[in-house]
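Asks: So I've got this file, input_24.txt, and it contains compact mmCIF, C-alpha atoms:
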```txt
# COMPACT_ATOMS: atom_id res chain seq x y z
CA MET A 1 166.08 169.78 139.94
CA ALA A 2 166.79 172.14 137.06
CA GLY A 3 169.91 171.30 135.10
CA ILE A 4 170.16 167.82 136.58
CA GLU A 5 170.37 166.32 133.08
CA ASN A 6 173.72 168.08 132.57
CA ALA A 7 175.25 166.94 135.83
CA LEU A 8 177.47 163.92 136.37
CA PRO A 9 175.81 160.89 137.97
CA LEU A 10 175.79 161.25 141.76
CA ALA A 11 178.39 159.11 143.56
CA THR A 12 178.70 158.29 147.25
CA ALA A 13 180.78 160.52 149.51
CA PRO A 14 183.92 159.26 151.28
CA THR A 15 183.39 157.91 154.79
CA SER A 16 185.45 156.23 157.49
CA VAL A 17 182.52 153.93 158.33
CA LYS A 18 182.79 150.33 157.14
CA MET A 19 179.70 150.07 154.95
CA ALA A 20 179.98 146.56 153.47
CA VAL A 21 177.42 143.88 154.32
CA ASN A 22 176.90 140.26 153.31
CA LEU A 23 173.37 139.36 152.25
CA GLY A 24 173.28 135.58 152.25
CA GLY A 25 176.54 135.28 150.33
CA LEU A 26 176.00 138.40 148.24
CA LYS A 27 178.78 140.84 149.07
CA MET A 28 177.47 144.41 148.94
CA LYS A 29 179.72 147.47 149.24
CA ASN A 30 176.96 149.16 151.25
CA PRO A 31 173.54 148.06 152.48
CA VAL A 32 171.41 149.82 149.84
CA THR A 33 169.83 148.38 146.70
CA VAL A 34 166.63 149.23 144.86
CA ALA A 35 163.23 147.59 144.96
CA SER A 36 162.47 145.57 141.86
CA GLY A 37 160.26 147.41 139.40
CA THR A 38 161.28 150.90 140.49
CA PHE A 39 164.69 151.15 138.78
CA ALA A 40 164.19 149.16 135.55
CA ALA A 41 167.64 147.59 135.01
CA GLY A 42 169.51 150.75 135.99
CA ARG A 43 169.98 152.30 132.59
CA GLU A 44 167.19 154.85 133.06
CA TYR A 45 168.84 156.08 136.26
CA GLY A 46 172.39 156.04 134.94
CA ASP A 47 172.36 159.79 134.28
CA PHE A 48 171.39 160.46 137.89
CA VAL A 49 173.34 158.00 140.02
CA ASP A 50 176.51 155.97 139.58
CA VAL A 51 175.01 152.48 139.64
CA ALA A 52 178.36 151.01 140.68
CA CYS A 53 178.10 152.97 143.95
CA LEU A 54 174.98 151.13 145.05
CA GLY A 55 175.20 148.03 147.19
CA ALA A 56 173.41 146.33 144.29
CA VAL A 57 171.05 147.04 141.44
CA THR A 58 167.94 144.85 141.56
CA THR A 59 166.37 144.49 138.13
CA LYS A 60 162.72 144.62 137.30
CA GLY A 61 161.15 141.17 137.39
CA VAL A 62 162.05 139.04 134.38
CA SER A 63 160.17 136.06 132.97
CA LEU A 64 161.16 133.45 130.42
CA ASN A 65 159.24 135.17 127.63
CA GLY A 66 157.93 138.71 127.48
CA TRP A 67 154.81 139.67 129.42
CA GLU A 68 152.52 142.45 128.23
CA GLY A 69 151.36 143.39 131.69
CA ASN A 70 147.95 144.62 132.74
CA ALA A 71 145.58 147.02 131.00
CA SER A 72 145.67 150.76 131.72
CA PRO A 73 145.13 152.71 133.84
CA ARG A 74 147.51 150.82 136.08
CA ILE A 75 149.03 153.45 138.39
CA ALA A 76 147.18 155.59 140.92
CA GLU A 77 148.49 158.04 143.50
CA THR A 78 147.24 157.52 147.06
CA PRO A 79 147.83 159.39 150.32
CA SER A 80 151.55 158.88 151.13
CA GLY A 81 151.91 156.22 148.48
CA MET A 82 150.91 154.76 145.14
CA LEU A 83 149.04 151.80 143.74
CA ASN A 84 150.44 149.91 140.79
CA SER A 85 148.98 147.18 138.67
CA ILE A 86 151.73 146.97 136.08
CA GLY A 87 151.54 143.20 135.94
CA LEU A 88 155.25 142.45 135.65
CA GLN A 89 155.51 143.75 132.09
CA ASN A 90 158.93 142.83 130.73
CA PRO A 91 160.54 141.84 127.40
CA GLY A 92 161.84 138.48 128.64
CA VAL A 93 165.11 137.01 129.85
CA ALA A 94 166.88 136.99 126.46
CA HIS A 95 166.48 140.77 126.18
CA LEU A 96 167.79 141.25 129.72
CA LYS A 97 170.86 139.14 128.92
CA GLU A 98 171.56 140.88 125.66
CA HIS A 99 170.90 144.52 126.54
CA ASP A 100 170.81 145.19 130.28
CA LEU A 101 173.15 142.83 132.09
CA PRO A 102 176.15 143.75 129.89
CA TRP A 103 175.44 147.44 130.52
CA LEU A 104 175.47 146.87 134.29
CA ALA A 105 178.59 144.72 134.09
CA GLU A 106 180.45 147.38 132.09
CA ARG A 107 179.78 149.87 134.86
CA GLY A 108 180.90 147.55 137.63
CA ALA A 109 177.50 147.24 139.26
CA THR A 110 176.59 144.40 141.61
CA THR A 111 173.48 142.84 140.08
CA ILE A 112 170.49 141.05 141.57
CA VAL A 113 168.02 139.71 139.01
CA ASN A 114 164.41 139.49 140.12
CA VAL A 115 162.95 136.24 138.75
CA SER A 116 159.26 135.75 138.00
CA GLY A 117 157.25 132.95 136.48
CA HIS A 118 153.80 131.63 135.64
CA SER A 119 154.81 128.20 136.92
CA PHE A 120 157.44 126.46 139.06
CA ASP A 121 159.18 125.30 135.90
CA GLU A 122 159.35 128.81 134.46
CA TYR A 123 161.22 130.11 137.51
CA VAL A 124 163.80 127.38 137.00
CA GLN A 125 164.05 128.06 133.27
CA VAL A 126 164.72 131.75 133.89
CA ILE A 127 167.51 130.93 136.35
CA GLU A 128 168.98 128.35 133.99
CA ALA A 129 169.01 130.94 131.21
CA LEU A 130 170.90 133.37 133.46
CA GLU A 131 173.54 131.00 134.82
CA ASP A 132 176.06 132.07 132.17
CA ALA A 133 175.28 135.79 132.58
CA PRO A 134 176.93 138.41 134.86
CA VAL A 135 174.50 138.00 137.75
CA ASP A 136 175.53 138.15 141.42
CA ALA A 137 172.30 136.90 143.03
CA TYR A 138 168.69 136.04 142.29
CA GLU A 139 165.62 137.47 143.98
CA VAL A 140 162.76 135.02 143.52
CA ASN A 141 159.49 136.91 143.33
CA ILE A 142 156.82 134.62 144.76
CA SER A 143 154.78 137.49 146.09
CA CYS A 144 153.56 139.96 143.49
CA PRO A 145 149.89 140.70 144.26
CA ASN A 146 148.87 141.94 140.80
CA VAL A 147 149.56 138.99 138.54
CA ASP A 148 146.73 136.54 138.00
CA ALA A 149 148.86 133.54 137.13
CA GLY A 150 150.45 132.05 140.22
CA GLY A 151 151.96 134.90 142.18
CA MET A 152 149.44 135.21 144.97
CA THR A 153 148.95 131.44 145.32
CA ILE A 154 152.66 130.61 145.39
CA GLY A 155 153.58 133.20 147.98
CA THR A 156 150.77 132.59 150.43
CA CYS A 157 150.97 128.80 150.82
CA THR A 158 153.89 127.10 152.59
CA ASP A 159 153.72 124.02 150.35
CA SER A 160 154.02 126.03 147.15
CA VAL A 161 156.70 128.27 148.66
CA GLU A 162 158.80 125.22 149.50
CA ALA A 163 158.17 123.74 146.05
CA VAL A 164 159.31 126.75 144.03
CA VAL A 165 162.22 127.69 146.31
CA SER A 166 163.58 124.14 146.40
CA ARG A 167 163.46 123.96 142.59
CA CYS A 168 165.25 127.29 142.27
CA ARG A 169 167.79 126.22 144.87
CA ALA A 170 168.62 123.11 142.86
CA ALA A 171 169.13 125.22 139.73
CA THR A 172 171.88 127.51 141.06
CA LYS A 173 174.68 127.92 143.57
CA ARG A 174 174.38 131.69 143.47
CA PRO A 175 172.83 133.50 146.45
CA LEU A 176 169.07 132.99 146.43
CA ILE A 177 166.90 135.71 147.94
CA VAL A 178 163.18 134.98 148.29
CA LYS A 179 160.81 137.95 148.24
CA LEU A 180 157.90 137.60 150.65
CA THR A 181 154.37 138.93 150.31
CA PRO A 182 152.78 140.83 153.22
CA ASN A 183 149.34 139.60 152.13
CA VAL A 184 149.36 136.63 154.50
CA THR A 185 148.14 135.80 157.98
CA ASP A 186 151.56 134.84 159.36
CA VAL A 187 154.61 136.12 157.48
CA ALA A 188 156.96 134.26 159.81
CA GLU A 189 155.43 130.93 158.76
CA ILE A 190 156.10 131.71 155.08
CA ALA A 191 159.62 132.88 155.95
CA ARG A 192 160.42 129.61 157.72
CA ALA A 193 159.15 127.63 154.72
CA ALA A 194 161.36 129.59 152.32
CA VAL A 195 164.44 129.10 154.51
CA ALA A 196 163.73 125.40 154.95
CA ALA A 197 163.65 125.07 151.15
CA GLY A 198 167.06 126.70 150.72
CA ALA A 199 166.71 130.48 150.69
CA ASP A 200 169.99 132.24 151.55
CA ALA A 201 168.17 135.48 152.40
CA LEU A 202 164.67 136.93 152.43
CA SER A 203 163.41 140.24 151.10
CA LEU A 204 160.30 141.91 152.46
CA ILE A 205 157.89 143.36 152.00
CA ASN A 206 156.38 143.35 148.57
CA THR A 207 153.39 145.62 148.03
CA LEU A 208 150.17 145.40 150.02
CA LEU A 209 147.03 144.65 148.07
CA GLY A 210 144.92 147.78 147.79
CA MET A 211 142.24 149.57 145.82
CA ALA A 212 141.23 153.08 144.73
CA ILE A 213 137.76 154.16 143.65
CA ASP A 214 136.65 157.14 141.55
CA ALA A 215 133.51 158.17 143.43
CA GLU A 216 132.23 160.45 140.65
CA ARG A 217 132.41 157.69 138.05
CA ARG A 218 131.61 154.95 140.59
CA ARG A 219 134.38 152.87 139.08
CA PRO A 220 137.74 151.54 140.23
CA VAL A 221 140.65 153.83 139.34
CA LEU A 222 142.79 150.90 138.17
CA ALA A 223 141.60 148.88 135.19
CA ARG A 224 142.13 145.66 137.11
CA GLY A 225 140.43 147.01 140.23
CA VAL A 226 143.20 146.21 142.66
CA GLY A 227 146.95 146.80 142.76
CA GLY A 228 150.01 146.87 144.98
CA LEU A 229 150.32 149.68 147.53
CA SER A 230 153.82 151.05 148.12
CA GLY A 231 155.42 154.18 149.50
CA PRO A 232 155.64 155.73 153.00
CA ALA A 233 152.11 154.56 153.86
CA VAL A 234 153.29 150.93 154.12
CA LYS A 235 156.42 151.56 156.18
CA PRO A 236 154.98 150.74 159.64
CA VAL A 237 153.67 147.40 158.34
CA ALA A 238 156.99 146.63 156.64
CA LEU A 239 158.99 147.44 159.77
CA ARG A 240 156.78 145.20 161.87
CA MET A 241 157.14 142.30 159.45
CA VAL A 242 160.93 142.64 159.22
CA TRP A 243 161.08 142.61 163.02
CA GLU A 244 158.84 139.52 163.18
CA VAL A 245 160.77 137.60 160.54
CA ARG A 246 164.10 138.50 162.14
CA LYS A 247 162.93 136.66 165.26
CA ALA A 248 161.73 133.65 163.25
CA VAL A 249 164.68 132.83 160.97
CA ASP A 250 168.48 133.06 161.00
CA VAL A 251 169.12 134.21 157.43
CA PRO A 252 169.84 137.84 156.48
CA LEU A 253 166.93 140.09 155.53
CA LEU A 254 166.58 142.71 152.82
CA GLY A 255 164.07 145.20 154.20
CA MET A 256 161.88 147.46 152.08
CA GLY A 257 158.61 149.32 152.16
CA GLY A 258 158.34 153.11 152.24
CA ILE A 259 162.04 153.91 152.66
CA SER A 260 162.41 157.56 151.64
CA CYS A 261 165.42 158.76 153.62
CA ALA A 262 168.42 157.51 155.58
CA THR A 263 166.52 157.51 158.87
CA ASP A 264 163.98 155.11 157.38
CA ALA A 265 166.80 152.83 156.24
CA VAL A 266 168.42 152.86 159.67
CA GLU A 267 165.09 151.94 161.27
CA PHE A 268 164.85 148.85 159.06
CA MET A 269 168.38 147.82 159.98
CA LEU A 270 167.65 148.30 163.68
CA ALA A 271 164.58 146.10 163.24
CA GLY A 272 166.79 143.35 161.82
CA ALA A 273 167.50 144.01 158.15
CA THR A 274 171.04 143.45 156.87
CA ALA A 275 170.33 145.60 153.82
CA VAL A 276 167.50 147.76 152.51
CA ALA A 277 165.85 148.48 149.17
CA VAL A 278 164.63 151.89 148.02
CA GLY A 279 161.54 151.74 145.83
CA THR A 280 158.84 154.34 145.32
CA ALA A 281 161.21 157.10 146.48
CA ASN A 282 163.13 156.66 143.22
CA PHE A 283 160.15 158.06 141.32
CA VAL A 284 160.14 161.19 143.48
CA ASN A 285 163.90 161.68 143.71
CA PRO A 286 166.20 159.84 141.29
CA HIS A 287 169.14 160.60 143.63
CA ALA A 288 167.42 158.90 146.58
CA THR A 289 169.60 155.80 146.71
CA VAL A 290 172.95 157.59 146.89
CA GLU A 291 171.59 160.18 149.31
CA ILE A 292 170.39 157.37 151.59
CA ILE A 293 173.76 155.61 151.46
CA ASP A 294 175.51 158.84 152.46
CA GLY A 295 172.89 159.48 155.14
CA ILE A 296 173.41 156.06 156.71
CA ALA A 297 177.15 156.75 156.89
CA GLN A 298 176.49 160.14 158.47
CA TYR A 299 174.17 158.54 161.04
CA CYS A 300 176.92 156.07 161.93
CA GLU A 301 179.47 158.85 162.25
CA ARG A 302 177.18 160.85 164.57
CA HIS A 303 176.57 157.82 166.78
CA GLY A 304 180.14 156.53 166.88
CA VAL A 305 179.32 153.44 164.83
CA LYS A 306 182.41 152.30 162.94
CA ASP A 307 180.83 149.38 161.07
CA VAL A 308 177.30 149.60 159.65
CA GLN A 309 176.73 145.96 160.60
CA GLU A 310 176.53 147.08 164.23
CA LEU A 311 173.08 148.46 163.39
CA ILE A 312 171.59 145.13 162.34
CA GLY A 313 168.99 144.05 164.89
CA ALA A 314 170.26 146.61 167.40
CA LEU A 315 166.80 147.77 168.44
CA GLU A 316 166.70 148.42 172.19
CA TRP A 317 163.77 148.14 174.57
```
So that I can check it, write out the structure of this file as structure tokens.
Replies:
Amino acid sequence: MAGIENALPLATAPTSVKMAVNLGGLKMKNPVTVASGTFAAGREYGDFVDVACLGAVTTKGVSLNGWEGNASPRIAETPSGMLNSIGLQNPGVAHLKEHDLPWLAERGATTIVNVSGHSFDEYVQVIEALEDAPVDAYEVNISCPNVDAGGMTIGTCTDSVEAVVSRCRAATKRPLIVKLTPNVTDVAEIARAAVAAGADALSLINTLLGMAIDAERRRPVLARGVGGLSGPAVKPVALRMVWEVRKAVDVPLLGMGGISCATDAVEFMLAGATAVAVGTANFVNPHATVEIIDGIAQYCERHGVKDVQELIGALEW
């Protein structure tokens, strides 16, 4: 990728395929966004891709006040993936409003803000703080597996899922996307609870809880011991869960988990996703999102598909 720093940001290629989708009221020009935590708020990737070309930019999770995150080391490479125990480090919602959201708005990007909190009330307070900001939708993160305070408990219990989603629903009329954890016995049960409480769409999956051990030192690789597994290794699990949830609820799904190329994205749409999010692949290839958008269009052209929405749930048996 020599010389890439001198090139113009990559934009999508022209296509005759209708690429727009509607994710629970969020109008996206194409079905590709980024997974929260892998794209910051877009600024770091602005030299590589035209953020306005993406279906949406999903910000890193934001809390009411800044979070320091977990101790280091907090990233470990694994076969076909990576473990992270970042701990939702972020400078807080005021910083996002002042520095990042205006930058995205100036560039014409569609923006999804990922909302995190230590408590039910904090989720609501973050949304309330953002109601006067240029935000197109919220993604409520009830599922991060590497934060001690609340995340795992909220996302794995139907009562707490309904409690936090209903509070968030009451705080905004903007599209509300609820991000589901895969670390549960029955993901469809959690999905139904989120929809019953007012979710307009669901995103899945968040990372799988995993661990790495340094055998020579006889110690965990990550300071916290465990972290979230992402990357191609989780794709079969993510596909299965999208397919299961598609059968359980009637709201649109944002599918993610190991998407590295256009074929992966198409598979998620065939399994039932209306849109997809690219995550770990951004670390390997900062052009991944735009290349995947173009690749989806090329797939449609090859298969005589005139509207990308024809792919949604079109899996055949």
Asks: Taking all atoms listed in the file into account, produce a table as CSV in which each residue of stretch 235-280 of chain A with an atom at most 12 Å from an atom of stretch 77-84 of chain A appears once, together with its shortest atom pair and the distance in Å to one decimal, ordered by chain and rising number.
Replies:
```
residue,atom,partner,partner_atom,distance
A:Lys235,CA,A:Gly81,CA,10.1
A:Gly257,CA,A:Gly81,CA,10.3
A:Gly258,CA,A:Gly81,CA,8.1
A:Ile259,CA,A:Gly81,CA,11.2
A:Ser260,CA,A:Ser80,CA,11.0
A:Gly279,CA,A:Gly81,CA,10.9
A:Thr280,CA,A:Gly81,CA,7.8
```
Asks: Could you pull the residues within 9 Å of A:Leu54, counting all atoms listed in the file, minus those fewer than 3 positions along the same chain, as a VMD selection string?
Replies: chain A and resid 11 to 12 28 to 34 49 to 51 57 109 to 110 289 to 290 293
Asks: Find the residue from A:Glu291, A:Asp186, A:Asp132, A:Asp250 that sits nearest to A:Phe48; use all atoms listed in the file when measuring.
Replies: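 Smallest distance to A:Phe48 is found for A:Glu291.
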Asks: How many Å separate atom CA of A:Asn90 from atom CA of A:Val115?
Replies: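 According to the coordinates, atom CA of A:Asn90 and atom CA of A:Val115 are separated by 11.1 Å.
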Asks: Need the neighbours of (165.5, 147.5, 139.3): which residues are at most 9 Å away, counting all atoms listed in the file, as a list in words?
Replies: Thr33, Val34, Ala35, Ser36, Gly37, Thr38, Phe39, Ala40, Ala41, Gly42, Val57, Thr58, Thr59, Lys60, Gly61, Ile112, Val113, Asn114 and Gly279 of chain A
Asks: Report, in Å to a single decimal, how far apart atom CA of A:Thr263 and atom CA of A:Gly295 are.
Replies: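 Computing the Euclidean distance for atom CA of A:Gly295 and atom CA of A:Thr263 yields 7.6 Å.
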Asks: Interatomic distance between atom CA of A:Leu204 and atom CA of A:Ile190?
Replies: 11.3 Å
Asks: May I have the residues at most 10 Å from (140.4, 154.3, 145.6) in the file's coordinates, counting all atoms listed in the file, as a list of chain:residue names?
Replies: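 It turns out the residues near that spot are A:Ala76, A:Glu77, A:Thr78, A:Leu83, A:Gly210, A:Met211, A:Ala212, A:Ile213, A:Asp214, A:Ala215, A:Arg219, A:Pro220, A:Val221, A:Leu222, A:Gly225, A:Val226.
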Asks: Name all residues at most 10 Å from A:Val161 (count only C-alpha atoms; drop same-chain ones fewer than 2 positions away) and give them as a PDB file with C-alpha atoms, keeping the file's coordinate frame.
Replies:
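New file around10.pdb:
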```
ATOM      1  CA  PHE A 120     157.440 126.460 139.060  1.00  0.00           C
ATOM      2  CA  ILE A 142     156.820 134.620 144.760  1.00  0.00           C
ATOM      3  CA  SER A 143     154.780 137.490 146.090  1.00  0.00           C
ATOM      4  CA  THR A 153     148.950 131.440 145.320  1.00  0.00           C
ATOM      5  CA  ILE A 154     152.660 130.610 145.390  1.00  0.00           C
ATOM      6  CA  GLY A 155     153.580 133.200 147.980  1.00  0.00           C
ATOM      7  CA  THR A 156     150.770 132.590 150.430  1.00  0.00           C
ATOM      8  CA  CYS A 157     150.970 128.800 150.820  1.00  0.00           C
ATOM      9  CA  THR A 158     153.890 127.100 152.590  1.00  0.00           C
ATOM     10  CA  ASP A 159     153.720 124.020 150.350  1.00  0.00           C
ATOM     11  CA  ALA A 163     158.170 123.740 146.050  1.00  0.00           C
ATOM     12  CA  VAL A 164     159.310 126.750 144.030  1.00  0.00           C
ATOM     13  CA  VAL A 165     162.220 127.690 146.310  1.00  0.00           C
ATOM     14  CA  SER A 166     163.580 124.140 146.400  1.00  0.00           C
ATOM     15  CA  VAL A 178     163.180 134.980 148.290  1.00  0.00           C
ATOM     16  CA  LEU A 180     157.900 137.600 150.650  1.00  0.00           C
ATOM     17  CA  ILE A 190     156.100 131.710 155.080  1.00  0.00           C
ATOM     18  CA  ALA A 191     159.620 132.880 155.950  1.00  0.00           C
ATOM     19  CA  ARG A 192     160.420 129.610 157.720  1.00  0.00           C
ATOM     20  CA  ALA A 193     159.150 127.630 154.720  1.00  0.00           C
ATOM     21  CA  ALA A 194     161.360 129.590 152.320  1.00  0.00           C
ATOM     22  CA  VAL A 195     164.440 129.100 154.510  1.00  0.00           C
ATOM     23  CA  ALA A 196     163.730 125.400 154.950  1.00  0.00           C
ATOM     24  CA  ALA A 197     163.650 125.070 151.150  1.00  0.00           C
TER      25      ALA A 197
END
```
Asks: For each of A:Ala137, A:Arg224, A:Val62, A:Phe268, take the minimum atom-to-atom distance to A:Leu239, counting all atoms listed in the file, then give the residue where this is smallest.
Replies: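 Of the candidates, the smallest distance to A:Leu239 is held by A:Phe268.
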Asks: Around all the atoms of stretch 54-73 of chain A listed in the file, with 6 Å of room on each side, what axis-aligned box do you get, giving centre and edge lengths in Å to one decimal, as JSON?
Replies:
```
{"center_x": 160.2, "center_y": 143.1, "center_z": 137.3, "size_x": 42.1, "size_y": 31.3, "size_z": 31.7}
```
Asks: Do you have, as JSON lines, the list of residues of stretch 114-226 of chain A lying at most 8 Å from stretch 240-244 of chain A, each with its nearest atom pair and that distance in Å to one decimal, counting only C-alpha atoms and ordered by chain then number?
Replies:
```
{"residue": "A:Pro182", "atom": "CA", "partner": "A:Met241", "partner_atom": "CA", "distance": 7.7}
{"residue": "A:Val187", "atom": "CA", "partner": "A:Met241", "partner_atom": "CA", "distance": 7.0}
{"residue": "A:Ala188", "atom": "CA", "partner": "A:Glu244", "partner_atom": "CA", "distance": 6.5}
{"residue": "A:Leu204", "atom": "CA", "partner": "A:Val242", "partner_atom": "CA", "distance": 6.8}
{"residue": "A:Ile205", "atom": "CA", "partner": "A:Met241", "partner_atom": "CA", "distance": 7.6}
```
Asks: Within 12 Å of A:Cys300, counting all atoms listed in the file, which residues show up once you throw out same-chain ones fewer than 2 positions away? Write them as an mmCIF file with C-alpha atoms, in the coordinates of the input, please.
Replies:
```cif
data_model
loop_
_atom_site.group_PDB
_atom_site.id
_atom_site.type_symbol
_atom_site.label_atom_id
_atom_site.label_comp_id
_atom_site.auth_asym_id
_atom_site.auth_seq_id
_atom_site.Cartn_x
_atom_site.Cartn_y
_atom_site.Cartn_z
ATOM 1 C CA THR A 15 183.390 157.910 154.790
ATOM 2 C CA SER A 16 185.450 156.230 157.490
ATOM 3 C CA VAL A 17 182.520 153.930 158.330
ATOM 4 C CA LYS A 18 182.790 150.330 157.140
ATOM 5 C CA MET A 19 179.700 150.070 154.950
ATOM 6 C CA ALA A 262 168.420 157.510 155.580
ATOM 7 C CA THR A 263 166.520 157.510 158.870
ATOM 8 C CA VAL A 266 168.420 152.860 159.670
ATOM 9 C CA ILE A 293 173.760 155.610 151.460
ATOM 10 C CA ASP A 294 175.510 158.840 152.460
ATOM 11 C CA GLY A 295 172.890 159.480 155.140
ATOM 12 C CA ILE A 296 173.410 156.060 156.710
ATOM 13 C CA ALA A 297 177.150 156.750 156.890
ATOM 14 C CA GLN A 298 176.490 160.140 158.470
ATOM 15 C CA ARG A 302 177.180 160.850 164.570
ATOM 16 C CA HIS A 303 176.570 157.820 166.780
ATOM 17 C CA GLY A 304 180.140 156.530 166.880
ATOM 18 C CA VAL A 305 179.320 153.440 164.830
ATOM 19 C CA LYS A 306 182.410 152.300 162.940
ATOM 20 C CA ASP A 307 180.830 149.380 161.070
ATOM 21 C CA VAL A 308 177.300 149.600 159.650
ATOM 22 C CA GLN A 309 176.730 145.960 160.600
ATOM 23 C CA GLU A 310 176.530 147.080 164.230
ATOM 24 C CA LEU A 311 173.080 148.460 163.390
#
```
Asks: Counting only C-alpha atoms, what is within 10 Å of A:Gly46, bar same-chain residues fewer than 5 positions away, as a list in words?
Replies: Leu8, Pro9, Leu10, Phe39, Ala41, Val51, Ala52, Leu104, Arg107 and Pro286 of chain A
Asks: Between A:Leu23, A:Glu122, A:Ala105, A:Gly228, which is the closest to A:Leu209 once you count only C-alpha atoms?
Replies: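 Using only C-alpha atoms, A:Leu209 sits closest to A:Gly228.
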Asks: Between A:Asp136, A:Glu162, A:Asp121, A:Glu316, which residue has the minimum interatomic distance to A:Ser63, considering only C-alpha atoms?
Replies: A:Asp121
